[in-house]
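Undergrad: One file: model_2.cif (mmCIF, C-alpha atoms).
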```cif
data_work
#
loop_
_atom_site.label_atom_id
_atom_site.label_comp_id
_atom_site.auth_asym_id
_atom_site.auth_seq_id
_atom_site.Cartn_x
_atom_site.Cartn_y
_atom_site.Cartn_z
CA MET C 49 11.28 6.89 50.61
CA THR C 50 8.41 6.71 53.12
CA ALA C 51 9.53 9.93 54.72
CA ALA C 52 9.37 11.75 51.40
CA GLN C 53 5.87 10.42 50.80
CA ALA C 54 4.76 11.78 54.14
CA ALA C 55 5.58 15.29 52.97
CA PRO C 56 2.65 17.26 51.53
CA ARG C 57 2.22 16.35 47.90
CA PRO C 58 2.71 19.15 45.39
CA LEU C 59 -0.48 20.31 43.71
CA PRO C 60 -1.10 19.13 40.16
CA ALA C 61 -0.05 21.70 37.58
CA PRO C 62 -3.12 23.83 36.92
CA GLY C 63 -4.19 24.91 33.48
CA ALA C 64 -2.87 27.84 31.56
CA TRP C 65 -6.27 29.51 31.29
CA ARG C 66 -6.55 29.86 35.03
CA GLY C 67 -3.21 31.65 34.96
CA VAL C 68 -4.47 34.00 32.26
CA ALA C 69 -7.65 34.65 34.26
CA TRP C 70 -5.67 35.34 37.45
CA ALA C 71 -3.54 37.98 35.76
CA VAL C 72 -6.44 39.63 33.91
CA ARG C 73 -8.52 39.90 37.09
CA ARG C 74 -5.72 41.22 39.24
CA ASP C 75 -4.40 43.75 36.73
CA LEU C 76 -7.84 45.09 35.85
CA ARG C 77 -8.59 45.54 39.53
CA LEU C 78 -5.29 47.38 39.96
CA ALA C 79 -6.03 49.53 36.91
CA LEU C 80 -9.43 50.48 38.30
CA ARG C 81 -7.81 51.49 41.59
CA SER C 82 -5.46 53.91 39.84
CA LYS C 83 -7.76 55.57 37.33
CA ALA C 84 -5.71 58.75 37.21
CA GLU C 85 -2.77 56.95 35.62
CA LEU C 86 -5.03 55.43 32.99
CA GLY C 87 -6.56 58.81 32.24
CA VAL C 88 -3.17 60.32 31.40
CA GLN C 89 -2.72 58.06 28.43
CA LEU C 90 -6.22 58.58 27.02
CA LEU C 91 -5.91 62.29 27.62
CA PHE C 92 -2.62 62.33 25.70
CA TYR C 93 -4.31 60.65 22.74
CA VAL C 94 -7.25 63.04 22.76
CA ILE C 95 -5.04 66.13 23.13
CA VAL C 96 -2.64 65.22 20.32
CA ALA C 97 -5.50 64.35 17.99
CA THR C 98 -7.24 67.62 18.86
CA LEU C 99 -4.22 69.90 18.63
CA VAL C 100 -3.29 68.85 15.10
CA PRO C 101 -6.52 70.10 13.44
CA LEU C 102 -6.18 73.32 15.43
CA GLY C 103 -2.61 73.75 14.27
CA VAL C 104 -3.15 72.84 10.63
CA GLY C 105 -6.19 75.07 10.17
CA PRO C 106 -9.60 74.49 8.61
CA ASP C 107 -8.42 73.02 5.30
CA SER C 108 -10.80 70.06 5.01
CA VAL C 109 -8.95 68.34 2.16
CA LEU C 110 -5.63 68.53 3.97
CA LEU C 111 -7.16 67.40 7.28
CA ARG C 112 -8.84 64.40 5.69
CA ALA C 113 -5.55 63.40 4.10
CA LEU C 114 -3.64 63.86 7.37
CA GLY C 115 -6.25 62.33 9.63
CA PRO C 116 -5.51 58.59 9.47
CA GLY C 117 -1.77 59.06 9.85
CA VAL C 118 -2.06 61.50 12.74
CA LEU C 119 -4.59 59.38 14.61
CA TRP C 120 -2.45 56.28 14.21
CA VAL C 121 0.78 57.99 15.23
CA ALA C 122 -0.99 59.40 18.29
CA ALA C 123 -2.33 55.96 19.18
CA LEU C 124 1.15 54.51 18.80
CA LEU C 125 2.74 57.08 21.08
CA ALA C 126 -0.08 56.80 23.61
CA SER C 127 0.45 53.04 23.67
CA LEU C 128 4.18 53.58 24.20
CA LEU C 129 3.43 55.92 27.10
CA ALA C 130 1.76 53.18 29.12
CA LEU C 131 4.34 50.47 28.39
CA PRO C 132 7.02 51.02 31.03
CA ARG C 133 4.46 50.42 33.77
CA LEU C 134 3.48 47.01 32.38
CA PHE C 135 6.08 44.97 34.27
CA ALA C 136 8.12 47.53 36.21
CA MET C 137 5.89 47.58 39.29
CA ASP C 138 5.65 43.80 39.50
CA PHE C 139 9.41 43.55 39.02
CA ALA C 140 10.15 46.06 41.77
CA ASP C 141 7.77 44.68 44.40
CA GLY C 142 8.68 41.01 43.93
CA THR C 143 5.44 39.93 42.25
CA LEU C 144 7.26 38.99 39.06
CA GLU C 145 9.55 36.53 40.87
CA GLN C 146 6.50 35.02 42.56
CA MET C 147 4.92 34.73 39.10
CA THR C 148 7.91 32.80 37.78
CA LEU C 149 7.60 30.45 40.78
CA SER C 150 3.87 29.97 40.27
CA PRO C 151 2.66 26.58 39.07
CA TYR C 152 0.88 28.40 36.24
CA PRO C 153 2.98 28.76 33.09
CA LEU C 154 4.69 32.16 33.00
CA PRO C 155 3.65 32.89 29.37
CA ALA C 156 0.02 32.40 30.46
CA LEU C 157 0.38 34.86 33.33
CA ILE C 158 2.08 37.33 31.01
CA SER C 159 -0.64 36.90 28.37
CA GLY C 160 -3.15 37.81 31.04
CA LYS C 161 -1.16 40.87 32.01
CA ILE C 162 -0.96 41.99 28.38
CA ALA C 163 -4.69 41.39 27.89
CA ALA C 164 -5.53 43.47 30.96
CA HIS C 165 -3.10 46.16 29.82
CA TRP C 166 -4.82 46.35 26.44
CA LEU C 167 -8.30 46.39 27.96
CA ALA C 168 -7.27 49.25 30.24
CA THR C 169 -5.18 51.30 27.81
CA GLY C 170 -5.87 50.13 24.24
CA LEU C 171 -9.62 49.66 24.18
CA PRO C 172 -10.40 53.22 25.35
CA LEU C 173 -8.31 54.54 22.43
CA VAL C 174 -10.32 52.42 20.01
CA ALA C 175 -13.55 53.64 21.56
CA VAL C 176 -12.80 57.37 21.24
CA SER C 177 -11.11 57.16 17.83
CA PRO C 178 -14.30 57.65 15.74
CA LEU C 179 -15.04 60.84 17.67
CA LEU C 180 -11.54 62.13 17.07
CA GLY C 181 -11.80 61.11 13.41
CA LEU C 182 -14.74 63.49 13.03
CA GLN C 183 -12.40 66.38 13.78
CA PHE C 184 -10.49 65.47 10.64
CA GLY C 185 -13.67 65.30 8.56
CA LEU C 186 -13.46 61.54 8.02
CA GLY C 187 -16.65 59.97 6.63
CA GLY C 188 -18.68 57.05 7.99
CA ASP C 189 -16.82 54.23 6.23
CA GLU C 190 -13.45 55.72 7.09
CA LEU C 191 -14.40 56.00 10.76
CA VAL C 192 -15.49 52.37 10.82
CA VAL C 193 -12.26 51.22 9.20
CA LEU C 194 -10.22 53.44 11.52
CA ALA C 195 -11.82 51.90 14.59
CA LEU C 196 -11.60 48.39 13.14
CA GLY C 197 -7.93 48.89 12.29
CA LEU C 198 -7.18 50.15 15.79
CA LEU C 199 -9.13 47.24 17.24
CA LEU C 200 -6.81 44.85 15.40
CA GLY C 201 -3.68 46.98 15.68
CA THR C 202 -3.58 48.18 19.28
CA PRO C 203 -3.47 44.63 20.78
CA THR C 204 -0.52 43.96 18.47
CA LEU C 205 1.16 47.11 19.81
CA SER C 206 0.58 45.92 23.39
CA LEU C 207 1.99 42.48 22.59
CA ILE C 208 5.10 43.76 20.83
CA GLY C 209 5.53 46.40 23.50
CA ALA C 210 5.39 43.78 26.24
CA VAL C 211 8.45 42.07 24.79
CA GLY C 212 10.31 45.37 24.80
CA ALA C 213 9.12 46.18 28.32
CA ALA C 214 10.29 42.79 29.59
CA LEU C 215 13.64 43.10 27.83
CA THR C 216 14.32 46.51 29.36
CA LEU C 217 13.34 45.50 32.91
CA GLY C 218 15.81 46.74 35.45
CA LEU C 219 17.28 49.34 33.11
CA ARG C 220 17.03 52.95 34.15
CA ASN C 221 16.98 54.25 30.60
CA GLY C 222 13.40 54.69 29.42
CA ALA C 223 14.42 55.81 25.94
CA LEU C 224 15.78 52.38 25.14
CA LEU C 225 12.29 50.90 25.27
CA ALA C 226 11.07 53.39 22.66
CA LEU C 227 14.09 52.73 20.43
CA LEU C 228 13.53 49.01 20.70
CA VAL C 229 9.80 48.98 20.14
CA LEU C 230 9.03 51.81 17.70
CA PRO C 231 10.68 50.18 14.66
CA LEU C 232 8.56 47.08 15.29
CA TYR C 233 5.44 49.27 15.44
CA VAL C 234 6.07 50.58 11.91
CA PRO C 235 4.26 47.81 9.97
CA VAL C 236 1.18 48.21 12.17
CA LEU C 237 1.25 51.96 11.57
CA ILE C 238 1.61 51.57 7.80
CA PHE C 239 -1.20 49.06 7.42
CA GLY C 240 -3.45 50.76 9.95
CA ALA C 241 -3.22 54.22 8.41
CA GLY C 242 -3.16 52.61 4.95
CA ALA C 243 -6.50 50.92 5.58
CA VAL C 244 -8.23 54.26 6.16
CA ASP C 245 -6.51 55.78 3.15
CA ALA C 246 -7.60 52.86 1.03
CA VAL C 247 -11.24 53.48 1.92
CA ARG C 248 -10.86 57.21 1.33
CA THR C 249 -9.48 56.64 -2.18
CA GLY C 250 -12.23 54.15 -2.95
CA LEU C 251 -10.22 50.93 -2.71
CA GLY C 252 -11.37 48.35 -0.19
CA ALA C 253 -9.52 48.07 3.11
CA GLY C 254 -9.75 44.29 3.14
CA ALA C 255 -6.10 43.63 2.39
CA GLU C 256 -4.76 45.98 5.05
CA LEU C 257 -7.18 44.75 7.69
CA SER C 258 -6.31 41.13 6.88
CA LEU C 259 -2.64 41.92 7.30
CA LEU C 260 -3.32 43.62 10.64
CA GLY C 261 -5.26 40.54 11.71
CA ALA C 262 -2.44 38.26 10.63
CA GLY C 263 0.03 40.41 12.53
CA LEU C 264 -2.13 40.17 15.61
CA LEU C 265 -2.29 36.37 15.40
CA GLY C 266 1.45 36.14 14.97
CA ALA C 267 2.07 38.45 17.93
CA LEU C 268 -0.45 36.54 20.06
CA VAL C 269 1.54 33.36 19.59
CA GLY C 270 5.04 34.71 19.82
CA ALA C 271 5.03 37.72 22.10
CA PRO C 272 3.99 36.10 25.42
CA LEU C 273 6.68 33.45 24.99
CA ALA C 274 9.34 36.03 24.19
CA ALA C 275 8.24 38.32 27.03
CA ALA C 276 8.28 35.38 29.46
CA ALA C 277 11.79 34.43 28.40
CA ALA C 278 12.94 38.02 28.86
CA ALA C 279 11.27 38.24 32.28
CA ARG C 280 13.03 35.05 33.42
CA ILE C 281 16.36 36.59 32.44
CA ALA C 282 15.52 39.75 34.37
CA ILE C 283 14.67 37.70 37.48
CA ASP C 284 17.84 35.59 37.46
CA MET L 246 14.56 16.00 49.49
CA LEU L 247 16.75 18.87 48.43
CA GLU L 248 20.45 18.39 47.99
CA SER L 249 23.21 20.67 46.81
CA LYS L 250 26.69 19.77 45.67
CA GLN L 251 29.52 22.29 45.54
CA LEU L 252 27.27 25.29 44.89
CA ALA L 253 29.08 28.50 44.14
CA ALA L 254 27.87 31.96 43.31
CA GLN L 255 29.58 35.01 41.95
CA ARG L 256 28.79 38.67 41.98
CA GLY L 257 30.70 40.36 39.23
CA ALA L 258 34.21 38.99 39.41
CA ALA L 259 34.08 38.24 43.15
CA THR L 260 33.11 34.85 44.50
CA LEU L 261 30.31 35.15 47.04
CA PHE L 262 30.56 31.59 48.27
CA SER L 263 31.73 28.26 46.93
CA GLY L 264 31.66 24.60 47.80
CA ILE L 265 28.28 24.73 49.56
CA ASP L 266 26.99 21.23 50.28
CA PHE L 267 23.76 20.63 52.10
CA ARG L 268 21.20 17.91 52.25
CA LEU L 269 17.66 18.46 53.48
CA ALA L 270 15.61 15.35 54.24
CA PRO L 271 11.92 15.61 55.16
CA GLY L 272 11.68 17.19 58.60
CA ASP L 273 14.98 19.05 58.27
CA ALA L 274 15.59 22.75 58.47
CA LEU L 275 18.64 24.69 57.40
CA LEU L 276 19.39 27.99 59.09
CA VAL L 277 21.61 30.09 56.84
CA THR L 278 23.52 32.74 58.73
CA GLY L 279 26.16 35.20 57.70
CA ALA L 280 27.07 38.85 57.55
CA ASN L 281 25.32 41.31 55.26
CA GLY L 282 26.44 40.68 51.71
CA SER L 283 27.69 37.17 52.43
CA GLY L 284 25.30 35.70 49.87
CA LYS L 285 22.42 34.41 52.01
CA THR L 286 19.78 35.72 49.65
CA THR L 287 21.69 34.45 46.62
CA LEU L 288 21.93 30.97 48.11
CA LEU L 289 18.22 30.96 48.90
CA ARG L 290 17.33 32.16 45.41
CA ILE L 291 19.43 29.35 43.93
CA ALA L 292 17.76 26.82 46.23
CA ALA L 293 14.33 28.12 45.20
CA GLY L 294 15.24 27.75 41.55
CA LEU L 295 15.14 31.48 40.86
CA SER L 296 18.80 32.02 40.07
CA HIS L 297 21.58 30.12 38.35
CA ALA L 298 24.49 28.89 40.41
CA ALA L 299 27.90 29.73 38.99
CA GLN L 300 28.95 26.17 39.78
CA GLY L 301 27.56 23.06 41.36
CA THR L 302 24.26 21.24 41.15
CA LEU L 303 20.99 21.31 42.97
CA SER L 304 18.83 18.21 43.05
CA TRP L 305 15.25 17.75 44.15
CA ARG L 306 14.08 14.24 45.05
CA GLY L 307 17.27 12.84 43.59
CA VAL L 308 16.99 14.52 40.20
CA ALA L 309 19.23 17.42 39.22
CA VAL L 310 17.10 20.48 38.56
CA ALA L 311 17.66 23.58 36.45
CA PRO L 312 16.32 26.97 37.58
CA LEU L 313 12.52 27.23 37.36
CA ASP L 314 12.16 23.46 37.11
CA ALA L 315 8.44 22.65 37.16
CA GLU L 316 8.74 19.96 39.86
CA LEU L 317 10.71 22.19 42.18
CA ARG L 318 8.41 25.15 41.47
CA ALA L 319 5.39 23.10 42.50
CA ALA L 320 7.09 22.11 45.76
CA VAL L 321 8.46 25.41 47.01
CA THR L 322 7.09 28.44 48.77
CA TYR L 323 9.63 31.24 48.53
CA ILE L 324 9.14 34.37 50.59
CA GLY L 325 11.83 36.88 49.79
CA HIS L 326 12.70 40.40 50.89
CA ALA L 327 10.10 41.89 48.59
CA ALA L 328 6.66 41.22 49.97
CA ALA L 329 5.00 41.19 46.52
CA LEU L 330 2.19 43.34 47.91
CA LYS L 331 0.21 45.83 45.89
CA ASP L 332 -0.33 49.11 47.73
CA GLU L 333 -3.69 49.64 46.04
CA LEU L 334 -5.15 46.31 47.18
CA THR L 335 -6.41 45.56 50.68
CA ALA L 336 -4.69 43.08 52.98
CA GLU L 337 -7.38 40.54 52.18
CA GLU L 338 -7.15 41.06 48.42
CA ASN L 339 -3.36 40.85 48.52
CA LEU L 340 -3.39 37.56 50.39
CA ALA L 341 -6.13 36.11 48.18
CA SER L 342 -4.27 37.19 45.06
CA GLN L 343 -0.96 35.68 46.22
CA THR L 344 -2.66 32.50 47.29
CA SER L 345 -4.48 31.95 44.03
CA LEU L 346 -1.30 32.76 42.08
CA HIS L 347 0.20 29.71 43.77
CA ALA L 348 -2.98 27.66 43.23
CA GLY L 349 -3.76 27.55 46.96
CA SER L 350 -7.23 27.61 48.48
CA ALA L 351 -8.25 31.25 48.25
CA ASP L 352 -11.87 31.00 49.43
CA SER L 353 -12.86 33.83 51.71
CA GLY L 354 -13.19 31.64 54.81
CA ALA L 355 -9.63 30.34 54.52
CA ILE L 356 -8.28 33.83 53.85
CA ALA L 357 -10.13 35.25 56.86
CA ARG L 358 -8.80 32.46 59.10
CA ALA L 359 -5.23 33.02 57.92
CA LEU L 360 -5.52 36.77 58.50
CA GLY L 361 -6.99 36.07 61.96
CA LEU L 362 -4.12 33.75 62.79
CA TRP L 363 -1.67 36.56 62.06
CA SER L 364 -3.80 39.11 63.97
CA LEU L 365 -4.71 41.06 60.87
CA ASP L 366 -8.50 40.89 61.32
CA ARG L 367 -8.86 44.61 61.81
CA GLN L 368 -6.57 45.45 58.89
CA ARG L 369 -8.48 43.14 56.54
CA ALA L 370 -10.01 45.94 54.46
CA LEU L 371 -7.14 48.41 54.71
CA PRO L 372 -5.04 49.05 51.61
CA ALA L 373 -1.55 47.62 51.98
CA ARG L 374 -0.02 51.08 51.77
CA ALA L 375 -1.55 51.84 55.18
CA LEU L 376 0.09 48.85 56.86
CA SER L 377 3.29 48.80 58.88
CA MET L 378 6.38 46.83 57.82
CA GLY L 379 5.57 44.10 60.33
CA GLN L 380 1.99 43.83 59.12
CA ARG L 381 3.13 43.62 55.51
CA ARG L 382 5.52 40.85 56.50
CA ARG L 383 2.65 39.04 58.25
CA ILE L 384 0.55 39.04 55.06
CA GLY L 385 3.39 37.36 53.22
CA LEU L 386 3.82 34.75 55.96
CA ALA L 387 0.07 34.09 56.11
CA ARG L 388 0.42 32.45 52.70
CA LEU L 389 2.42 29.60 54.31
CA ALA L 390 -0.75 28.20 55.85
CA LEU L 391 -2.80 28.57 52.66
CA VAL L 392 -0.48 27.06 50.07
CA PRO L 393 0.67 23.58 51.14
CA ARG L 394 4.22 23.06 49.92
CA PRO L 395 6.88 20.67 51.27
CA LEU L 396 9.75 23.14 50.96
CA TRP L 397 9.67 26.57 52.56
CA ILE L 398 12.40 29.01 51.66
CA LEU L 399 12.21 32.10 53.83
CA ASP L 400 14.54 35.06 53.48
CA GLU L 401 14.78 36.97 56.77
CA PRO L 402 11.24 36.03 57.81
CA ALA L 403 11.77 37.55 61.25
CA ALA L 404 12.63 41.00 59.92
CA ALA L 405 10.15 43.58 61.29
CA LEU L 406 8.19 40.89 63.16
CA ASP L 407 7.34 41.48 66.83
CA ALA L 408 7.81 38.85 69.56
CA ALA L 409 4.30 37.44 69.14
CA GLY L 410 4.78 37.19 65.38
CA LEU L 411 8.13 35.50 65.82
CA ALA L 412 6.63 32.94 68.21
CA LEU L 413 3.82 32.24 65.74
CA LEU L 414 6.31 31.85 62.89
CA CYS L 415 8.46 29.48 64.96
CA GLY L 416 5.44 27.41 65.87
CA MET L 417 4.40 27.18 62.22
CA ILE L 418 7.87 26.13 61.09
CA GLY L 419 8.02 23.55 63.88
CA ALA L 420 4.66 22.08 62.85
CA HIS L 421 5.72 22.09 59.21
CA LEU L 422 8.90 20.15 60.03
CA ALA L 423 6.99 17.74 62.24
CA GLN L 424 4.75 16.93 59.28
CA GLY L 425 7.76 16.06 57.15
CA GLY L 426 8.20 19.47 55.57
CA MET L 427 11.54 21.13 54.89
CA ALA L 428 12.69 24.68 55.40
CA ILE L 429 15.63 26.86 54.49
CA ILE L 430 15.71 30.06 56.48
CA ALA L 431 18.16 32.91 56.15
CA THR L 432 18.48 34.99 59.27
CA HIS L 433 20.96 37.02 61.24
CA GLN L 434 19.09 36.88 64.49
CA ASP L 435 18.18 33.97 66.73
CA ILE L 436 14.63 33.10 65.78
CA GLY L 437 14.35 30.50 68.50
CA LEU L 438 14.22 27.49 66.23
CA SER L 439 16.10 24.51 67.60
CA GLY L 440 16.09 20.74 67.63
CA PRO L 441 18.07 17.85 66.22
CA SER L 442 16.75 18.41 62.69
CA VAL L 443 17.76 22.08 62.58
CA ARG L 444 21.22 22.61 61.19
CA GLY L 445 23.17 25.75 60.65
CA LEU L 446 25.06 26.89 57.59
CA ALA L 447 27.31 29.87 58.13
CA LEU L 448 28.40 31.84 55.10
CA SER L 449 31.47 33.96 55.43
#
```
Reformat the file's structure so that it appears as structure tokens.
TA:
Amino acid sequence: MTAAQAAPRPLPAPGAWRGVAWAVRRDLRLALRSKAELGVQLLFYVIVATLVPLGVGPDSVLLRALGPGVLWVAALLASLLALPRLFAMDFADGTLEQMTLSPYPLPALISGKIAAHWLATGLPLVAVSPLLGLQFGLGGDELVVLALGLLLGTPTLSLIGAVGAALTLGLRNGALLALLVLPLYVPVLIFGAGAVDAVRTGLGAGAELSLLGAGLLGALVGAPLAAAAAARIAID
Amino acid sequence: MLESKQLAAQRGAATLFSGIDFRLAPGDALLVTGANGSGKTTLLRIAAGLSHAAQGTLSWRGVAVAPLDAELRAAVTYIGHAAALKDELTAEENLASQTSLHAGSADSGAIARALGLWSLDRQRALPARALSMGQRRRIGLARLALVPRPLWILDEPAAALDAAGLALLCGMIGAHLAQGGMAIIATHQDIGLSGPSVRGLALS
């Protein structure tokens, strides 16, 4: 096999972290180049969370009771809004098939994409949520727990959503993604809004936040693998 | 070396092709020709490990490989119809991004040389959306020089290329074969590649 040995040797398989870093860097750069699209999602969150107090009226007790649920539902829908774009562009322009052929593991590349997606779409929601909470008359502790819950919950939403986005690649029907993903968002919604309620009623939010954290860890392990498997099916 | 035995592919209920046997030793090239819709792209995707064959086996260095086999993945450069370019990124950023995705040498000197080779110096900082079809194709082909792989699988590489680009491509493929590389190229035009190691495979 001397002839075969003369051929250029394949490169050694590089580490998973370099794959994650590649995807984070590239997707963040792309996100920064299309700021308008990012703005839509944040704007949606701010508008929904602002319209509800205007619609309900200045009943402070009612607003405080509604606040956590409304803010979480708005975050959930805003997160859903950004999902279809997660893989669709890469699928259409051939990047996704190049990613599956990359020597980096596909789940690592997809983890990086999800991380960049959360940094670009999830983190801004977390950052503005205390401000929006003020409109509902939430107090200091409640605002902290709201932001903390969103900090743990929105990455979980991105991770679960990525599986749905990968599974619905190539389908024209956008509603299917929402139908697939929203039921899986429900536990995050319940514990996230529940955490703020727990603080408001004087109970600690420790249990709810722990559960959100556990959910995040579970999704971190499972979701990139599932999304990668779904993406491979879409490519074939 | 890459070898196929009795490969077949289906689209829906119809058989695209069946009984495809080929054997590529180092230095060999396979020119796949055929009418539109005859399954050239499908055959290339199977050879690159992207798609499943309906029947038959593909083996790489004597070992049968499944789609997305790690060994095959590390040995192949596949350039398909889709250029995998991002409109928002510049020519330079696109090439650097593609190169580092495939763990090639993406330092700025190497990228600049590859862009120069394909006469894209002046388009270096232009966003890909401002480039012509031929220039987009050239960015994709520039990766060949940056990511050393023994097996090149090129789907219509000559599409949208001008005469100078075609000559450059031919020269690169010739040099690659001379160094013991292998290539599978789908085309429906004469790209000027010839020699004893270049064989044709006509799909009907």
Undergrad: Using 9 Å as the limit and counting only C-alpha atoms, can you tabulate each residue of segment 331-432 of chain L that touches segment 63-70 of chain C, with its shortest atom-to-atom distance in Å and the two atoms involved, as JSON lines?
TA:
```
{"residue": "L:Ser342", "atom": "CA", "partner": "C:Trp70", "partner_atom": "CA", "distance": 8.0}
{"residue": "L:Ser345", "atom": "CA", "partner": "C:Trp70", "partner_atom": "CA", "distance": 7.5}
{"residue": "L:Leu346", "atom": "CA", "partner": "C:Trp70", "partner_atom": "CA", "distance": 6.9}
```
Undergrad: Between atom CA of Leu406 of chain L and atom CA of Gly379 of chain L, what is the spacing in Å?
TA: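 Computing it gives 5.0 Å between the two atoms.
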Undergrad: Here is a test: counting only C-alpha atoms, which residue of L:Ala293, L:Ala254, L:Ala404, L:Ala387 is nearest to Ala327 of chain L?
TA: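 Closest residue, counting only C-alpha atoms: L:Ala404.
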Undergrad: Would you give the centre and edge lengths, in Å to one decimal, of a box along x, y and z around the listed atoms of segment 295-301 of chain L, with 8 Å added to each side, as JSON?
TA:
```
{"center_x": 22.0, "center_y": 27.5, "center_z": 39.9, "size_x": 29.8, "size_y": 25.0, "size_z": 19.0}
```
Undergrad: So which residues touch Leu171 of chain C within 9 Å, counting all atoms listed in the file, skipping near sequence neighbours fewer than 4 positions away, as a list in words?
TA: Trp166, Leu167, Ala175, Val176, Leu198, Leu199, Thr202 and Pro203 of chain C
Undergrad: I need the output of the PyMOL selection byres ((chain C and resi 228) around 10) for this file as a list in words; which residues are they?
TA: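 Output of the PyMOL selection byres ((chain C and resi 228) around 10): Ile208, Gly209, Val211, Gly212, Ala213, Leu215, Thr216, Ala223, Leu224, Leu225, Ala226, Leu227, Val229, Leu230, Pro231, Leu232 and Tyr233 of chain C.
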Undergrad: Mind filling out segment 327-342 of chain L with N, CA and C atoms and sending it as a compact mmCIF listing (two decimals), in the coordinates of the input?
TA:
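Resulting contents of result_12.txt:
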```
# COMPACT_ATOMS: atom_id res chain seq x y z
N ALA L 327 11.21 41.12 49.14
CA ALA L 327 10.10 41.89 48.59
C ALA L 327 8.81 41.14 48.91
N ALA L 328 7.86 41.87 49.47
CA ALA L 328 6.66 41.22 49.97
C ALA L 328 5.66 40.90 48.87
N ALA L 329 5.91 41.41 47.65
CA ALA L 329 5.00 41.19 46.52
C ALA L 329 3.59 41.69 46.82
N LEU L 330 3.51 42.77 47.61
CA LEU L 330 2.19 43.34 47.91
C LEU L 330 1.91 44.52 46.99
N LYS L 331 0.63 44.67 46.68
CA LYS L 331 0.21 45.83 45.89
C LYS L 331 -0.39 46.85 46.85
N ASP L 332 0.15 48.07 46.83
CA ASP L 332 -0.33 49.11 47.73
C ASP L 332 -1.82 49.41 47.55
N GLU L 333 -2.31 49.25 46.32
CA GLU L 333 -3.69 49.64 46.04
C GLU L 333 -4.68 48.61 46.57
N LEU L 334 -4.22 47.36 46.76
CA LEU L 334 -5.15 46.31 47.18
C LEU L 334 -5.19 46.22 48.71
N THR L 335 -6.30 45.72 49.23
CA THR L 335 -6.41 45.56 50.68
C THR L 335 -5.61 44.34 51.12
N ALA L 336 -5.43 44.22 52.43
CA ALA L 336 -4.69 43.08 52.98
C ALA L 336 -5.33 41.77 52.51
N GLU L 337 -6.66 41.74 52.57
CA GLU L 337 -7.38 40.54 52.18
C GLU L 337 -7.18 40.23 50.69
N GLU L 338 -7.30 41.27 49.87
CA GLU L 338 -7.15 41.06 48.42
C GLU L 338 -5.73 40.63 48.08
N ASN L 339 -4.74 41.23 48.77
CA ASN L 339 -3.36 40.85 48.52
C ASN L 339 -3.12 39.39 48.85
N LEU L 340 -3.62 38.95 49.99
CA LEU L 340 -3.39 37.56 50.39
C LEU L 340 -4.13 36.61 49.45
N ALA L 341 -5.36 36.97 49.09
CA ALA L 341 -6.13 36.11 48.18
C ALA L 341 -5.44 36.02 46.82
N SER L 342 -4.92 37.16 46.36
CA SER L 342 -4.27 37.19 45.06
C SER L 342 -3.00 36.34 45.07
```
